[in-house]
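Heads up: the structure comes next, in structure tokens.
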Amino acid sequence: MINRTMNQLQWIRNGRFYQFSEEATRFQNKVVVITGASSGIGRASALEFAAQGARVVLAARRRNTLLELERQIRDMGGEAISVITDVKRISDCERLVNEALEAFGQIDVLINNAGISMRATFEELELEVIKELMDTNFFGAVYCTKFALPHLLKQKGTVIGISSITGLAPLPGRSGYVASKHAMDGFLNTLRLENMDKGLNVLVVHPGFTSSEIREKALDGHCLPHGESSLDEERMMSSERVARYIARATYRRERDLVLTSQGKMVVWLHKNFPGITDRILVYQMSKENQLTIHQNAV
Ligand code: NDP
């Protein structure tokens with residue numbers, strides 16, 4: 001009991017201390033639904049929003065990982081439920097929204113975060129890879145947003161899409177991934193316009209390299225998980241830091257967020273010098289050997 005009370009007062013993670021701070025109550029009485037909550041950015045976001053007072057709804061396919069996270073949040077004095085969800089299935093996305101409403105009565109923030117990556121040139125891949133990427137990264141976000149939208153409008157809430165730097169610039173060996181993120185950007189930017197006078201905020205997040213499981217799970221040309229990454233995850237931005245940026249941008253009702261200095265530079269170069277940037281990317285590809293680029297980029 002003492003521990004629980006202490007935990008309610010203190011959320012100490014990664015050197016952050018929320019005791020009695022304004023941040024601890026930023027999302028009090030808010031309900032945040034997060035897809036892809038079982039690892040990486042989604043998991044870190046669940047902990048961050050819960051630490052800032054939100055009731056969180058955790059969605060992903062891995063039951064045990066979700067239940068463990070749910071327990072962790074409850075032990076810290078937060079409120080969470082898990083809904084086993086495959087975002088490729090329309091019925092799962094509808095059930096996710098229904099169970100969130102059943103448990104908490106409202107939805108204030110939807111974070112469309114579930115995603116997978118790939119490593120193969122278009123020439124060498126099987127079409128199934130592109131379909132898998134679009135179904136998960138793009139259609140998964142479309143389905144969840146469709147069912148959550150009436151409830152988000154009611155709350156004048158926020159829809160978030162976790163896109164990527166590749167939502168703004170191309171990357172060799174990632175045709176399906178880049179297409180899915182460009183599609184997500186276009187979809188959410190249009191949703192913003194359609195609901196501009198209805199109080200809905202739409203936030204599109206473009207993370208750069210972030211330490212997570214994404215490279216390990218990336219699909220090869222035959223739609224199988226690659227199972228390894230030669231990049232040093234330690235040198236990337238942490239998922240926890242990305243989650244803090246997401247929570248802050250949500251609180252401030254910002255419209256977009258581009259992360260990492262390297263990511264910002266790529267976006268700027270591509271916007272201002274697209275021809276040169278194309279050549280740099282292709283040069284990098286040949287310099288580092290096709291496979292290395294394939295294995296490393298998100
Ligand atoms: P992780 O692989 O660590 O997390 C991906 C999450 O998505 C997991 O929780 C996974 O859960 C879930 N997921 C995958 N497929 C499905 C599905 N069909 N239904 C439901 N959940 C699913 O990667 P990240 O945390 O890095 O990725 C999160 C988002 O951030 C992605 O959209 C990614 O594209 C984006 N991003 C990541 C970057 C990075 O460098 N890490 C850079 C730019 C963008 P489960 O397997 O349990 O279903």
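Numbering starts fresh at 1 for the residues of each chain in the structure tokens, the chains themselves are lettered A, B, ... in the order given, and ligands are numbered from 1 as they appear.
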
Compile a residue-level contact table for stretch 231-292 of chain A against stretch 48-63 of chain A at a cut-off of 8 Å, reporting for every qualifying residue the shortest atom pair and its distance in Å to one decimal, with only C-alpha atoms counted, rows ordered by chain and ascending number, as CSV.
residue,atom,partner,partner_atom,distance
A:Glu240,CA,A:Glu48,CA,7.7
A:Ala243,CA,A:Glu48,CA,6.4
A:Arg244,CA,A:Glu48,CA,6.5
A:Ala247,CA,A:Phe49,CA,6.6

Could you take the residues named above and write them with C-alpha atoms, as a short mmCIF file (atom, residue, chain, number, x, y, z; two decimals), in the first residue's frame?
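Result saved to again_32.cif:
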data_model
loop_
_atom_site.label_atom_id
_atom_site.label_comp_id
_atom_site.auth_asym_id
_atom_site.auth_seq_id
_atom_site.Cartn_x
_atom_site.Cartn_y
_atom_site.Cartn_z
CA GLU A 240 11.50 7.11 -24.38
CA ALA A 243 7.63 9.48 -26.48
CA ARG A 244 8.35 12.61 -24.44
CA ALA A 247 3.42 13.84 -25.36
#

Next item on the list: Find the residues around A:Ala44 up to 12 Å (only C-alpha atoms counted), leave out those fewer than 6 positions away in its own chain, and share them as a PyMOL selection string.
Entry: chain A and resi 13-14+34-38+50-51+56+58+69+73+113+210-212+238-247

C-alpha atoms of the current selection, written as a JSON list (two decimals), in the first residue's frame:
[["chain", "number", "residue", "atom", "x", "y", "z"],
["A", 13, "ARG", "CA", 11.94, 6.76, -15.28],
["A", 14, "ASN", "CA", 15.08, 7.56, -17.18],
["A", 34, "ILE", "CA", -2.05, 3.46, -28.61],
["A", 35, "THR", "CA", -1.55, 0.87, -31.35],
["A", 36, "GLY", "CA", 1.73, -1.02, -31.42],
["A", 37, "ALA", "CA", 2.05, -0.59, -27.65],
["A", 38, "SER", "CA", 4.00, -3.81, -27.09],
["A", 50, "ALA", "CA", 0.27, 7.19, -18.16],
["A", 51, "ALA", "CA", 2.98, 9.03, -16.20],
["A", 56, "VAL", "CA", -4.19, 4.24, -21.58],
["A", 58, "LEU", "CA", -2.79, -0.72, -25.15],
["A", 69, "LEU", "CA", 3.02, -3.50, -19.59],
["A", 73, "ILE", "CA", 1.38, 0.81, -15.38],
["A", 113, "ASN", "CA", 1.81, 3.84, -34.13],
["A", 210, "THR", "CA", 14.99, 5.45, -33.00],
["A", 211, "SER", "CA", 16.12, 2.52, -30.92],
["A", 212, "SER", "CA", 13.41, -0.19, -31.06],
["A", 238, "SER", "CA", 15.68, 6.37, -27.49],
["A", 239, "SER", "CA", 12.01, 5.46, -27.78],
["A", 240, "GLU", "CA", 11.50, 7.11, -24.38],
["A", 241, "ARG", "CA", 12.80, 10.43, -25.69],
["A", 242, "VAL", "CA", 10.60, 10.20, -28.77],
["A", 243, "ALA", "CA", 7.63, 9.48, -26.48],
["A", 244, "ARG", "CA", 8.35, 12.61, -24.44],
["A", 245, "TYR", "CA", 8.38, 14.71, -27.61],
["A", 246, "ILE", "CA", 5.09, 13.13, -28.71],
["A", 247, "ALA", "CA", 3.42, 13.84, -25.36]]

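Picture a line from atom CA of A:Met236 to atom 35 (C, counted along the ligand's line) of ligand 1; it runs 13.3 Å.
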
Next item on the list: Measure the distance from atom 15 (N, counted along the ligand's line) of ligand 1 to atom CA of A:Leu152 in Å and round it to one decimal.
Entry: 23.2 Å

Next item on the list: Would you please extract all helix (DSSP H, G or I) residues from stretch 94-261 of chain A, as assigned by DSSP on the backbone, and give them as a PyMOL selection string?
Entry: chain A and resi 94-104+127-155+165-167+175-194+196-198+214-217+233-235+239-251+261

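With only C-alpha atoms and all ligand atoms as the atoms that count, the residue of A:Thr25, A:Gln262, A:Asn195, A:Ser39 with the shortest distance to ligand 1 is A:Ser39.
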
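For the choices A:Gly227, A:Gly208, A:Gly221, A:Gly161, the atom-to-atom distance to A:Gly42 is smallest for A:Gly161 when using only C-alpha atoms.
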
Next item on the list: Check the smallest atom-to-atom distance from each of A:Phe209, A:Tyr177, A:Phe122, A:Phe147 to A:Glu99 using only C-alpha atoms, then report the winner.
Entry: A:Phe147

Would you tabulate, counting only C-alpha atoms, all residues of stretch 183-202 of chain A that have an atom at most 10 Å from an atom of stretch 105-111 of chain A, showing the closest pair of atoms and their distance in Å to one decimal, sorted by chain then ascending number, as JSON lines?
{"residue": "A:Leu200", "atom": "CA", "partner": "A:Asp108", "partner_atom": "CA", "distance": 9.9}
{"residue": "A:Asn201", "atom": "CA", "partner": "A:Val109", "partner_atom": "CA", "distance": 9.3}
{"residue": "A:Val202", "atom": "CA", "partner": "A:Val109", "partner_atom": "CA", "distance": 9.8}

Note to self: What's around A:Glu126 at 12 Å? Count only C-alpha atoms, leave out sequence neighbours fewer than 4 positions away in its own chain, and write the answer as a PyMOL selection string.
What the structure shows: chain A and resi 118-122+130-133+175-176+219-224

Writing out the chosen residues with C-alpha atoms as a PDB file, in the first residue's frame:
ATOM      1  CA  MET A 118      11.260  -3.860 -44.919  1.00  0.00           C
ATOM      2  CA  ARG A 119      14.642  -4.368 -46.616  1.00  0.00           C
ATOM      3  CA  ALA A 120      14.597  -5.197 -50.327  1.00  0.00           C
ATOM      4  CA  THR A 121      14.610  -3.331 -53.611  1.00  0.00           C
ATOM      5  CA  PHE A 122      11.328  -3.252 -55.502  1.00  0.00           C
ATOM      6  CA  ILE A 130       4.186  -4.088 -50.277  1.00  0.00           C
ATOM      7  CA  LYS A 131       0.695  -5.340 -49.372  1.00  0.00           C
ATOM      8  CA  GLU A 132       1.768  -6.256 -45.836  1.00  0.00           C
ATOM      9  CA  LEU A 133       3.377  -2.837 -45.354  1.00  0.00           C
ATOM     10  CA  SER A 175       9.592   1.315 -51.482  1.00  0.00           C
ATOM     11  CA  GLY A 176       6.624  -0.184 -49.596  1.00  0.00           C
ATOM     12  CA  LEU A 219      10.529  -7.963 -43.758  1.00  0.00           C
ATOM     13  CA  ASP A 220      12.891  -9.265 -46.431  1.00  0.00           C
ATOM     14  CA  GLY A 221      11.941  -9.630 -50.100  1.00  0.00           C
ATOM     15  CA  HIS A 222      10.067 -12.850 -49.313  1.00  0.00           C
ATOM     16  CA  CYS A 223       7.973 -11.247 -46.565  1.00  0.00           C
ATOM     17  CA  LEU A 224       9.924 -12.943 -43.760  1.00  0.00           C
TER      18      LEU A 224
END

Can you pull out the residues contacting A:Gly140? Cut-off 12 Å, using only C-alpha atoms, and skip same-chain residues under 2 positions away; I want them as a PDB file with N, CA and C atoms, in the first residue's frame.
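Below you can see part-v8.pdb, which holds the result:
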ATOM      1  N   THR A  35      -1.792   2.139 -30.632  1.00  0.00           N
ATOM      2  CA  THR A  35      -1.555   0.875 -31.345  1.00  0.00           C
ATOM      3  C   THR A  35      -0.049   0.620 -31.393  1.00  0.00           C
ATOM      4  N   GLY A  36       0.306  -0.662 -31.431  1.00  0.00           N
ATOM      5  CA  GLY A  36       1.728  -1.017 -31.418  1.00  0.00           C
ATOM      6  C   GLY A  36       2.351  -0.694 -30.072  1.00  0.00           C
ATOM      7  N   ALA A  59      -2.796  -1.506 -27.441  1.00  0.00           N
ATOM      8  CA  ALA A  59      -3.186  -2.409 -28.531  1.00  0.00           C
ATOM      9  C   ALA A  59      -1.968  -2.940 -29.264  1.00  0.00           C
ATOM     10  N   ALA A  60      -1.949  -4.242 -29.515  1.00  0.00           N
ATOM     11  CA  ALA A  60      -0.906  -4.903 -30.327  1.00  0.00           C
ATOM     12  C   ALA A  60      -1.305  -6.374 -30.410  1.00  0.00           C
ATOM     13  N   THR A  85      -4.965  -6.738 -30.613  1.00  0.00           N
ATOM     14  CA  THR A  85      -5.433  -6.152 -31.878  1.00  0.00           C
ATOM     15  C   THR A  85      -4.443  -6.402 -33.002  1.00  0.00           C
ATOM     16  N   ASP A  86      -4.959  -6.865 -34.134  1.00  0.00           N
ATOM     17  CA  ASP A  86      -4.169  -6.872 -35.372  1.00  0.00           C
ATOM     18  C   ASP A  86      -4.755  -5.752 -36.228  1.00  0.00           C
ATOM     19  N   VAL A  87      -4.019  -4.671 -36.406  1.00  0.00           N
ATOM     20  CA  VAL A  87      -4.599  -3.491 -37.078  1.00  0.00           C
ATOM     21  C   VAL A  87      -4.912  -3.751 -38.558  1.00  0.00           C
ATOM     22  N   LYS A  88      -4.441  -4.881 -39.089  1.00  0.00           N
ATOM     23  CA  LYS A  88      -4.775  -5.206 -40.484  1.00  0.00           C
ATOM     24  C   LYS A  88      -6.236  -5.658 -40.599  1.00  0.00           C
ATOM     25  N   ARG A  89      -6.829  -6.017 -39.439  1.00  0.00           N
ATOM     26  CA  ARG A  89      -8.214  -6.507 -39.453  1.00  0.00           C
ATOM     27  C   ARG A  89      -9.163  -5.386 -39.047  1.00  0.00           C
ATOM     28  N   ILE A  90     -10.134  -5.105 -39.929  1.00  0.00           N
ATOM     29  CA  ILE A  90     -11.103  -4.032 -39.649  1.00  0.00           C
ATOM     30  C   ILE A  90     -11.860  -4.335 -38.348  1.00  0.00           C
ATOM     31  N   SER A  91     -12.263  -5.594 -38.177  1.00  0.00           N
ATOM     32  CA  SER A  91     -13.073  -5.945 -36.993  1.00  0.00           C
ATOM     33  C   SER A  91     -12.265  -5.746 -35.702  1.00  0.00           C
ATOM     34  N   ASP A  92     -10.961  -6.003 -35.745  1.00  0.00           N
ATOM     35  CA  ASP A  92     -10.126  -5.799 -34.544  1.00  0.00           C
ATOM     36  C   ASP A  92     -10.068  -4.314 -34.182  1.00  0.00           C
ATOM     37  N   CYS A  93      -9.974  -3.464 -35.210  1.00  0.00           N
ATOM     38  CA  CYS A  93      -9.875  -2.017 -34.946  1.00  0.00           C
ATOM     39  C   CYS A  93     -11.190  -1.494 -34.368  1.00  0.00           C
ATOM     40  N   GLU A  94     -12.303  -2.033 -34.866  1.00  0.00           N
ATOM     41  CA  GLU A  94     -13.620  -1.630 -34.341  1.00  0.00           C
ATOM     42  C   GLU A  94     -13.757  -2.082 -32.882  1.00  0.00           C
ATOM     43  N   LEU A  96     -11.317  -2.617 -30.795  1.00  0.00           N
ATOM     44  CA  LEU A  96     -10.399  -1.803 -29.980  1.00  0.00           C
ATOM     45  C   LEU A  96     -11.103  -0.532 -29.494  1.00  0.00           C
ATOM     46  N   ILE A 111      -3.264   7.201 -30.984  1.00  0.00           N
ATOM     47  CA  ILE A 111      -1.905   7.192 -31.560  1.00  0.00           C
ATOM     48  C   ILE A 111      -1.783   6.002 -32.510  1.00  0.00           C
ATOM     49  N   ASN A 112      -1.809   6.297 -33.799  1.00  0.00           N
ATOM     50  CA  ASN A 112      -1.616   5.269 -34.825  1.00  0.00           C
ATOM     51  C   ASN A 112      -0.117   5.036 -34.968  1.00  0.00           C
ATOM     52  N   ASN A 113       0.363   4.063 -34.204  1.00  0.00           N
ATOM     53  CA  ASN A 113       1.811   3.842 -34.127  1.00  0.00           C
ATOM     54  C   ASN A 113       2.249   2.488 -34.700  1.00  0.00           C
ATOM     55  N   ALA A 114       1.337   1.497 -34.716  1.00  0.00           N
ATOM     56  CA  ALA A 114       1.718   0.143 -35.158  1.00  0.00           C
ATOM     57  C   ALA A 114       2.367   0.210 -36.535  1.00  0.00           C
ATOM     58  N   GLY A 115       3.498  -0.453 -36.676  1.00  0.00           N
ATOM     59  CA  GLY A 115       4.165  -0.396 -37.982  1.00  0.00           C
ATOM     60  C   GLY A 115       5.239  -1.457 -38.130  1.00  0.00           C
ATOM     61  N   ILE A 116       5.514  -1.775 -39.387  1.00  0.00           N
ATOM     62  CA  ILE A 116       6.621  -2.688 -39.712  1.00  0.00           C
ATOM     63  C   ILE A 116       7.439  -2.070 -40.843  1.00  0.00           C
ATOM     64  N   LYS A 131       2.062  -5.222 -49.901  1.00  0.00           N
ATOM     65  CA  LYS A 131       0.695  -5.340 -49.372  1.00  0.00           C
ATOM     66  C   LYS A 131       0.711  -5.363 -47.847  1.00  0.00           C
ATOM     67  N   GLU A 132       1.641  -6.146 -47.306  1.00  0.00           N
ATOM     68  CA  GLU A 132       1.768  -6.256 -45.836  1.00  0.00           C
ATOM     69  C   GLU A 132       2.083  -4.881 -45.211  1.00  0.00           C
ATOM     70  N   LEU A 133       2.982  -4.168 -45.858  1.00  0.00           N
ATOM     71  CA  LEU A 133       3.377  -2.837 -45.354  1.00  0.00           C
ATOM     72  C   LEU A 133       2.199  -1.862 -45.403  1.00  0.00           C
ATOM     73  N   MET A 134       1.497  -1.846 -46.536  1.00  0.00           N
ATOM     74  CA  MET A 134       0.370  -0.920 -46.674  1.00  0.00           C
ATOM     75  C   MET A 134      -0.763  -1.308 -45.710  1.00  0.00           C
ATOM     76  N   ASP A 135      -1.027  -2.607 -45.605  1.00  0.00           N
ATOM     77  CA  ASP A 135      -2.119  -3.064 -44.725  1.00  0.00           C
ATOM     78  C   ASP A 135      -1.853  -2.670 -43.270  1.00  0.00           C
ATOM     79  N   THR A 136      -0.610  -2.794 -42.846  1.00  0.00           N
ATOM     80  CA  THR A 136      -0.280  -2.497 -41.436  1.00  0.00           C
ATOM     81  C   THR A 136      -0.120  -0.990 -41.217  1.00  0.00           C
ATOM     82  N   ASN A 137       0.799  -0.397 -41.958  1.00  0.00           N
ATOM     83  CA  ASN A 137       1.194   0.991 -41.662  1.00  0.00           C
ATOM     84  C   ASN A 137       0.141   2.001 -42.109  1.00  0.00           C
ATOM     85  N   PHE A 138      -0.494   1.758 -43.239  1.00  0.00           N
ATOM     86  CA  PHE A 138      -1.473   2.722 -43.742  1.00  0.00           C
ATOM     87  C   PHE A 138      -2.904   2.326 -43.378  1.00  0.00           C
ATOM     88  N   VAL A 142      -5.911   3.908 -40.967  1.00  0.00           N
ATOM     89  CA  VAL A 142      -7.198   4.346 -41.528  1.00  0.00           C
ATOM     90  C   VAL A 142      -8.357   3.706 -40.755  1.00  0.00           C
ATOM     91  N   TYR A 143      -8.264   2.389 -40.507  1.00  0.00           N
ATOM     92  CA  TYR A 143      -9.366   1.696 -39.819  1.00  0.00           C
ATOM     93  C   TYR A 143      -9.552   2.236 -38.394  1.00  0.00           C
ATOM     94  N   CYS A 144      -8.451   2.339 -37.656  1.00  0.00           N
ATOM     95  CA  CYS A 144      -8.564   2.797 -36.258  1.00  0.00           C
ATOM     96  C   CYS A 144      -9.122   4.214 -36.219  1.00  0.00           C
ATOM     97  N   THR A 145      -8.639   5.057 -37.130  1.00  0.00           N
ATOM     98  CA  THR A 145      -9.095   6.453 -37.148  1.00  0.00           C
ATOM     99  C   THR A 145     -10.581   6.521 -37.490  1.00  0.00           C
ATOM    100  N   LYS A 146     -11.015   5.685 -38.439  1.00  0.00           N
ATOM    101  CA  LYS A 146     -12.428   5.697 -38.851  1.00  0.00           C
ATOM    102  C   LYS A 146     -13.348   5.425 -37.657  1.00  0.00           C
ATOM    103  N   PHE A 147     -13.019   4.382 -36.874  1.00  0.00           N
ATOM    104  CA  PHE A 147     -13.907   4.017 -35.764  1.00  0.00           C
ATOM    105  C   PHE A 147     -13.782   4.987 -34.588  1.00  0.00           C
ATOM    106  N   GLY A 161      -0.438  10.294 -36.059  1.00  0.00           N
ATOM    107  CA  GLY A 161       0.131   9.262 -36.925  1.00  0.00           C
ATOM    108  C   GLY A 161       1.627   9.241 -36.698  1.00  0.00           C
ATOM    109  N   ILE A 162       2.174   8.070 -36.366  1.00  0.00           N
ATOM    110  CA  ILE A 162       3.631   7.964 -36.269  1.00  0.00           C
ATOM    111  C   ILE A 162       4.119   7.589 -37.666  1.00  0.00           C
ATOM    112  N   SER A 180       3.885   3.645 -47.733  1.00  0.00           N
ATOM    113  CA  SER A 180       2.896   3.590 -46.643  1.00  0.00           C
ATOM    114  C   SER A 180       2.944   4.857 -45.791  1.00  0.00           C
ATOM    115  N   LYS A 181       4.146   5.395 -45.593  1.00  0.00           N
ATOM    116  CA  LYS A 181       4.277   6.597 -44.758  1.00  0.00           C
ATOM    117  C   LYS A 181       3.827   7.845 -45.522  1.00  0.00           C
ATOM    118  N   ALA A 183       1.516   7.777 -47.750  1.00  0.00           N
ATOM    119  CA  ALA A 183       0.053   7.633 -47.765  1.00  0.00           C
ATOM    120  C   ALA A 183      -0.534   8.102 -46.435  1.00  0.00           C
ATOM    121  N   MET A 184       0.115   7.714 -45.344  1.00  0.00           N
ATOM    122  CA  MET A 184      -0.364   8.126 -44.015  1.00  0.00           C
ATOM    123  C   MET A 184      -0.332   9.651 -43.886  1.00  0.00           C
TER     124      MET A 184
END
